[in-house]
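Chemist: I'm passing along run_17.csv; it holds CSV, C-alpha atoms and all ligand atoms.
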chain,number,residue,atom,x,y,z
G,1,MET,CA,7.4,10.4,7.2
G,2,ARG,CA,7.8,7.2,9.1
G,3,LYS,CA,4.8,5.0,9.1
G,4,ARG,CA,2.9,4.6,12.3
G,5,LEU,CA,2.2,1.0,13.1
G,6,ALA,CA,0.1,-0.9,15.7
G,7,VAL,CA,0.8,-4.5,16.5
G,8,LEU,CA,-2.0,-6.7,17.8
G,9,ILE,CA,-1.0,-9.8,19.8
G,10,SER,CA,-2.5,-12.4,22.1
G,11,GLY,CA,0.4,-14.1,23.7
G,12,ASN,CA,4.2,-14.5,23.8
G,13,GLY,CA,4.9,-11.8,21.2
G,14,SER,CA,8.1,-13.2,19.6
G,15,ASN,CA,7.0,-11.8,16.3
G,16,LEU,CA,6.4,-8.5,18.0
G,17,GLN,CA,9.9,-8.7,19.4
G,18,ALA,CA,11.3,-9.2,15.9
G,19,LEU,CA,9.5,-6.1,14.8
G,20,LEU,CA,10.7,-4.0,17.8
G,21,ASP,CA,14.3,-5.2,17.2
G,22,ALA,CA,14.1,-4.4,13.5
G,23,LYS,CA,14.3,-0.6,14.0
G,24,PHE,CA,12.7,0.3,10.6
G,25,THR,CA,14.0,3.5,9.0
G,26,GLN,CA,10.6,4.2,7.4
G,27,GLY,CA,8.3,3.0,10.2
G,28,GLU,CA,7.8,2.6,13.9
G,29,VAL,CA,5.6,0.6,16.3
G,30,VAL,CA,3.7,3.2,18.2
G,31,LEU,CA,1.1,0.9,19.8
G,32,VAL,CA,0.7,-2.7,21.0
G,33,VAL,CA,-2.7,-4.1,21.6
G,34,SER,CA,-3.5,-7.4,23.3
G,35,ASN,CA,-6.9,-9.0,23.9
G,36,LYS,CA,-5.3,-10.8,26.9
G,37,LYS,CA,-4.0,-8.9,30.0
G,38,THR,CA,-1.5,-11.7,30.7
G,39,ALA,CA,0.1,-11.7,27.2
G,40,TYR,CA,3.9,-11.6,27.6
G,41,GLY,CA,4.1,-9.4,24.5
G,42,LEU,CA,2.7,-6.5,26.6
G,43,GLN,CA,5.9,-6.7,28.7
G,44,ARG,CA,8.0,-6.7,25.6
G,45,ALA,CA,6.3,-3.5,24.4
G,46,GLU,CA,6.7,-1.8,27.8
G,47,ASN,CA,10.4,-2.8,27.8
G,48,HIS,CA,10.7,-0.9,24.5
G,49,GLY,CA,8.7,2.1,25.8
G,50,VAL,CA,5.8,1.4,23.4
G,51,GLU,CA,2.3,2.3,24.5
G,52,THR,CA,0.1,-0.7,25.2
G,53,PHE,CA,-3.7,-1.1,25.2
G,54,ILE,CA,-6.2,-3.8,26.2
G,55,PRO,CA,-9.6,-3.2,24.7
G,56,ASP,CA,-12.6,-3.0,27.1
G,57,LYS,CA,-14.1,-6.5,27.4
G,58,GLU,CA,-17.7,-5.3,27.5
G,59,ASN,CA,-17.4,-3.1,24.5
G,60,TYR,CA,-14.5,-4.9,22.7
G,61,ASN,CA,-14.8,-4.0,19.0
G,62,ALA,CA,-15.9,-0.4,19.5
G,63,SER,CA,-13.1,0.2,22.1
G,64,LEU,CA,-10.5,-1.4,19.8
G,65,TYR,CA,-11.7,0.6,16.7
G,66,GLU,CA,-11.7,3.9,18.6
G,67,LYS,CA,-8.2,3.4,19.9
G,68,LEU,CA,-6.7,2.4,16.6
G,69,MET,CA,-8.4,5.3,14.8
G,70,ASP,CA,-7.2,7.8,17.4
G,71,ALA,CA,-3.6,6.5,17.0
G,72,ASN,CA,-3.5,7.9,13.5
G,73,LEU,CA,-2.0,4.8,12.1
G,74,ASP,CA,-0.7,3.9,8.6
G,75,GLY,CA,-0.8,0.2,9.2
G,76,ILE,CA,-1.7,-2.7,11.5
G,77,VAL,CA,0.2,-6.0,12.0
G,78,LEU,CA,-1.5,-9.0,13.4
G,79,ALA,CA,1.3,-10.9,15.1
G,80,GLY,CA,-0.2,-13.9,16.8
G,81,TYR,CA,-3.5,-12.1,17.4
G,82,LEU,CA,-6.0,-15.0,17.9
G,83,LYS,CA,-9.2,-13.1,17.8
G,84,ILE,CA,-11.5,-12.4,14.8
G,85,ILE,CA,-11.2,-8.8,13.5
G,86,ASP,CA,-14.4,-6.9,13.0
G,87,LYS,CA,-15.4,-6.0,9.4
G,88,LYS,CA,-15.4,-2.3,10.1
G,89,LEU,CA,-11.8,-2.4,11.1
G,90,ILE,CA,-10.8,-4.6,8.1
G,91,ASP,CA,-12.5,-2.1,5.8
G,92,ALA,CA,-10.8,0.9,7.4
G,93,PHE,CA,-7.4,-0.8,6.9
G,94,GLU,CA,-7.8,-2.4,3.5
G,95,ASN,CA,-4.4,-3.4,2.1
G,96,ARG,CA,-2.9,-1.8,5.2
G,97,MET,CA,-3.4,-4.8,7.7
G,98,ILE,CA,-0.8,-7.6,7.6
G,99,ASN,CA,-1.2,-11.0,9.2
G,100,ILE,CA,1.3,-13.7,9.9
G,101,HIS,CA,0.3,-17.4,9.8
G,102,PRO,CA,2.4,-20.4,10.7
G,103,SER,CA,1.8,-22.5,7.6
G,104,LEU,CA,2.0,-22.3,3.8
G,105,ILE,CA,-1.4,-20.8,3.0
G,106,PRO,CA,-3.8,-22.2,1.7
G,107,SER,CA,-2.9,-25.3,3.6
G,108,PHE,CA,-3.6,-25.6,7.3
G,109,CYS,CA,-5.3,-22.2,7.7
G,110,GLY,CA,-8.7,-20.7,8.3
G,111,LYS,CA,-11.1,-21.4,11.1
G,112,GLY,CA,-9.6,-23.4,14.0
G,113,PHE,CA,-6.1,-23.3,12.7
G,114,TYR,CA,-4.1,-21.1,15.0
G,115,GLY,CA,-0.9,-21.3,17.2
G,116,GLU,CA,0.4,-24.8,17.9
G,117,ARG,CA,-2.8,-26.4,16.5
G,118,VAL,CA,-1.3,-25.7,13.1
G,119,ALA,CA,1.9,-27.6,13.7
G,120,GLN,CA,-0.1,-30.5,15.2
G,121,ALA,CA,-2.3,-30.6,12.1
G,122,VAL,CA,0.8,-30.5,9.8
G,123,LEU,CA,2.4,-33.4,11.7
G,124,ASP,CA,-0.8,-35.4,11.8
G,125,TYR,CA,-1.3,-35.0,8.0
G,126,GLY,CA,2.3,-36.1,7.2
G,127,VAL,CA,3.2,-33.3,4.8
G,128,ARG,CA,6.9,-33.1,4.0
G,129,TYR,CA,7.0,-29.3,3.9
G,130,THR,CA,5.3,-26.5,5.7
G,131,GLY,CA,6.3,-22.9,6.4
G,132,ALA,CA,5.1,-19.4,7.2
G,133,THR,CA,3.0,-16.9,5.3
G,134,THR,CA,2.3,-13.2,5.5
G,135,HIS,CA,-0.7,-11.7,3.8
G,136,PHE,CA,-3.0,-8.7,3.7
G,137,VAL,CA,-6.1,-9.2,5.8
G,138,THR,CA,-9.5,-9.5,4.2
G,139,GLU,CA,-12.9,-10.6,5.6
G,140,LEU,CA,-12.3,-14.3,5.1
G,141,ALA,CA,-9.8,-15.8,7.6
G,142,ASP,CA,-6.3,-16.3,6.2
G,143,GLU,CA,-7.5,-15.7,2.6
G,144,GLY,CA,-6.1,-12.3,1.7
G,145,PRO,CA,-3.4,-11.6,-0.9
G,146,ILE,CA,-0.1,-13.3,0.0
G,147,ILE,CA,2.9,-11.1,0.6
G,148,PHE,CA,5.8,-13.5,1.5
G,149,GLN,CA,6.1,-17.2,2.2
G,150,GLU,CA,9.0,-19.3,3.5
G,151,VAL,CA,9.3,-23.1,3.4
G,152,VAL,CA,10.3,-25.3,6.3
G,153,ALA,CA,11.0,-29.1,5.8
G,154,VAL,CA,9.2,-31.4,8.2
G,155,ASN,CA,11.6,-33.9,9.8
G,156,PRO,CA,10.4,-37.5,10.7
G,157,ASN,CA,11.1,-37.0,14.4
G,158,ASP,CA,9.7,-33.5,14.7
G,159,THR,CA,7.4,-32.7,17.6
G,160,VAL,CA,5.0,-29.7,17.8
G,161,GLU,CA,7.7,-27.9,19.7
G,162,THR,CA,10.6,-28.5,17.4
G,163,LEU,CA,8.6,-27.8,14.2
G,164,SER,CA,7.0,-24.7,15.7
G,165,LYS,CA,10.4,-23.4,16.6
G,166,ARG,CA,11.8,-23.7,13.1
G,167,VAL,CA,8.6,-22.2,11.6
G,168,LEU,CA,8.8,-19.2,14.1
G,169,GLU,CA,12.4,-18.5,12.9
G,170,LYS,CA,11.0,-18.1,9.4
G,171,GLU,CA,8.0,-16.1,10.6
G,172,HIS,CA,10.4,-13.6,12.3
G,173,GLN,CA,12.2,-13.1,9.0
G,174,ILE,CA,9.1,-12.6,6.8
G,175,ILE,CA,7.2,-10.4,9.2
G,176,VAL,CA,10.1,-8.0,9.4
G,177,LYS,CA,10.6,-8.2,5.6
G,178,SER,CA,6.9,-7.6,5.0
G,179,VAL,CA,6.7,-4.6,7.3
G,180,GLU,CA,9.9,-3.1,5.8
G,181,TYR,CA,8.5,-3.4,2.3
G,182,PHE,CA,5.1,-2.0,3.5
G,183,CYS,CA,6.8,1.0,5.1
G,184,ASN,CA,8.8,1.6,1.9
G,185,ASP,CA,5.5,1.6,-0.1
G,186,ALA,CA,6.8,-1.4,-2.0
G,187,LEU,CA,3.8,-3.7,-1.8
G,188,HIS,CA,1.1,-3.1,-4.5
G,189,VAL,CA,-2.0,-5.2,-4.3
G,190,GLN,CA,-3.6,-6.2,-7.7
G,191,GLY,CA,-6.5,-8.5,-7.1
G,192,ARG,CA,-5.1,-11.6,-5.4
G,193,HIS,CA,-1.5,-10.7,-6.2
G,194,VAL,CA,0.9,-8.5,-4.3
G,195,LEU,CA,3.5,-7.0,-6.6
G,196,ILE,CA,6.8,-6.2,-5.0
G,197,GLY,CA,8.5,-3.1,-6.2
G,198,GLU,CA,10.0,0.2,-5.4
K,201,LIG,C1,2.8,-17.4,15.6
K,201,LIG,O1,3.2,-18.7,15.2
K,201,LIG,C2,1.7,-16.9,14.6
K,201,LIG,O2,2.0,-17.2,13.3
K,201,LIG,C3,0.5,-17.6,15.1
K,201,LIG,O3,0.6,-17.5,16.5
K,201,LIG,C4,1.9,-17.5,16.9
K,201,LIG,C5,2.2,-16.3,17.8
K,201,LIG,O4,3.6,-16.4,18.3
K,201,LIG,N1,-0.7,-17.0,14.6
K,201,LIG,C6,-1.7,-17.7,14.2
K,201,LIG,O5,-1.8,-18.9,14.3
K,201,LIG,C7,-2.8,-16.8,13.5
K,201,LIG,N2,-3.8,-17.7,12.8
K,201,LIG,P1,4.2,-15.1,19.0
K,201,LIG,O6,3.2,-14.6,20.0
K,201,LIG,O7,5.5,-15.6,19.6
K,201,LIG,O8,4.5,-14.1,17.9
For the file at hand, write its structure as structure tokens.
Ligand code: GAR
Modeler:
Amino acid sequence: MRKRLAVLISGNGSNLQALLDAKFTQGEVVLVVSNKKTAYGLQRAENHGVETFIPDKENYNASLYEKLMDANLDGIVLAGYLKIIDKKLIDAFENRMINIHPSLIPSFCGKGFYGERVAQAVLDYGVRYTGATTHFVTELADEGPIIFQEVVAVNPNDTVETLSKRVLEKEHQIIVKSVEYFCNDALHVQGRHVLIGE
């Protein structure tokens, strides 16, 4: 059985696009949710014939929870979803919800570190290397067991735009790889560690 996946987004949706283009043999994106009506990712989903959903503003968490439960999902991917996830939803998808973050966790992550703010913080700090991380979602922001990481070297003349572009290329690789392994039941969580296997 192919795994049924929902992807949650807030903006451009380039990571969503990578997932839509990947055409997994063991999984499919059946639903794309955005907290923002104007997110370009919604258009990408429609172009692929994937159902889209924008939770009701007044009743956000309940409306999101109900929709995701009704969709009979195996997994959820947070792909540039910049809103805090309710504990009830995290609990319902323990070890079945994957997030992508544009840094090498545990650096430049947690509260306030999202989108291009991360690249700005990386440049301000002067680190030589940054990267991208996928992890399972737990209650604490960006703290769940790490699935894959890729390293990106910071160049002396990098700007937020040039650095973010190189990090995004790595994100697209590891988000696809993580979802592929997930759909093949090849990610096994043991405490803080994710064992990769058959
Ligand atoms: C990505 O860089 C993703 O890692 C980041 O938002 C961007 C969304 O890009 N997510 C976070 O910062 C979460 N803390 P996209 O909409 O083009 O996929």
Chemist: So how many Å separate CA of Asn61 (chain G) and CA of Lys87 (chain G), to one decimal?
Modeler: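 Between CA of Asn61 (chain G) and CA of Lys87 (chain G) the gap is 9.8 Å.
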Chemist: Enumerate residues in contact with ligand LIG 201 (chain K): an atom-to-atom distance of at most 8 Å, counting all atoms listed in the file. Format the result as a ChimeraX atom specification.
Modeler: /G:9-17,41,78-82,99-103,109-110,113-118,132,142,164,167-168,171
Chemist: So how many Å separate CA of Leu5 (chain G) and CA of Asn35 (chain G), to one decimal?
Modeler: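 Calculated distance between CA of Leu5 (chain G) and CA of Asn35 (chain G) is 17.3 Å.
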Chemist: Given the choices G:Ile98, G:Ala6, G:Leu187, G:Val29, which gets closest to Leu68 (chain G) if the distance is worked out from all atoms listed in the file?
Modeler: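 Smallest separation from Leu68 (chain G) among the options: G:Ala6.
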Chemist: Under the rule that all atoms listed in the file are counted, which of G:Arg96, G:Arg4, G:Arg128, G:Lys165 is the nearest residue to Pro145 (chain G)?
Modeler: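 For Pro145 (chain G), the nearest of the candidates is G:Arg96.
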Chemist: Could you please determine the separation between CA of Ala45 (chain G) and CA of Asp86 (chain G) in Å, to one decimal place?
Modeler: 23.9 Å
Chemist: Choose the residue, out of G:Glu169, G:Gly197, G:Glu94, G:Glu51, that has the smallest atom-to-atom separation from Asp185 (chain G); count only C-alpha atoms.
Modeler: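 Residue with the minimum atom-to-atom distance to Asp185 (chain G): G:Gly197.
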Chemist: Which residues come within 12 Å of Tyr60 (chain G), counting all atoms listed in the file, excluding same-chain residues fewer than 4 positions away, as a ChimeraX atom specification?
Modeler: /G:33-36,53-56,64-67,83-86
Chemist: Have a look at G:Leu89, G:Ala62, G:Val50, G:Ile76 and name the one nearest to Cys183 (chain G); count all atoms listed in the file.
Modeler: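 With all atoms listed in the file as the atom set, the closest residue is G:Ile76.
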Chemist: Nearest to Tyr129 (chain G): which of G:Val154, G:Ala141, G:Ala71, G:Ala186 is it, counting all atoms listed in the file?
Modeler: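 Closest to Tyr129 (chain G), using all atoms listed in the file: G:Val154.
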Chemist: Nearest residue to Asn184 (chain G) out of G:Asp74, G:Glu143, G:Glu150, G:Asp158, using all atoms listed in the file?
Modeler: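 Ranking G:Asp74, G:Glu143, G:Glu150, G:Asp158 by distance to Asn184 (chain G), first place goes to G:Asp74.
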Chemist: I'd like the neighbourhood of Val189 (chain G) as an mmCIF file with C-alpha atoms, in the frame of the given file, where a residue qualifies if any of its atoms comes within 10 Å (using only C-alpha atoms), though same-chain residues fewer than 2 positions away should be ignored.
Modeler:
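Final output, saved to part-v2.cif:
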data_model
loop_
_atom_site.group_PDB
_atom_site.id
_atom_site.type_symbol
_atom_site.label_atom_id
_atom_site.label_comp_id
_atom_site.auth_asym_id
_atom_site.auth_seq_id
_atom_site.Cartn_x
_atom_site.Cartn_y
_atom_site.Cartn_z
ATOM 1 C CA ASN G 95 -4.400 -3.400 2.100
ATOM 2 C CA PHE G 136 -3.000 -8.700 3.700
ATOM 3 C CA PRO G 145 -3.400 -11.600 -0.900
ATOM 4 C CA ILE G 146 -0.100 -13.300 0.000
ATOM 5 C CA ILE G 147 2.900 -11.100 0.600
ATOM 6 C CA ALA G 186 6.800 -1.400 -2.000
ATOM 7 C CA LEU G 187 3.800 -3.700 -1.800
ATOM 8 C CA GLY G 191 -6.500 -8.500 -7.100
ATOM 9 C CA ARG G 192 -5.100 -11.600 -5.400
ATOM 10 C CA HIS G 193 -1.500 -10.700 -6.200
ATOM 11 C CA VAL G 194 0.900 -8.500 -4.300
ATOM 12 C CA LEU G 195 3.500 -7.000 -6.600
ATOM 13 C CA ILE G 196 6.800 -6.200 -5.000
#
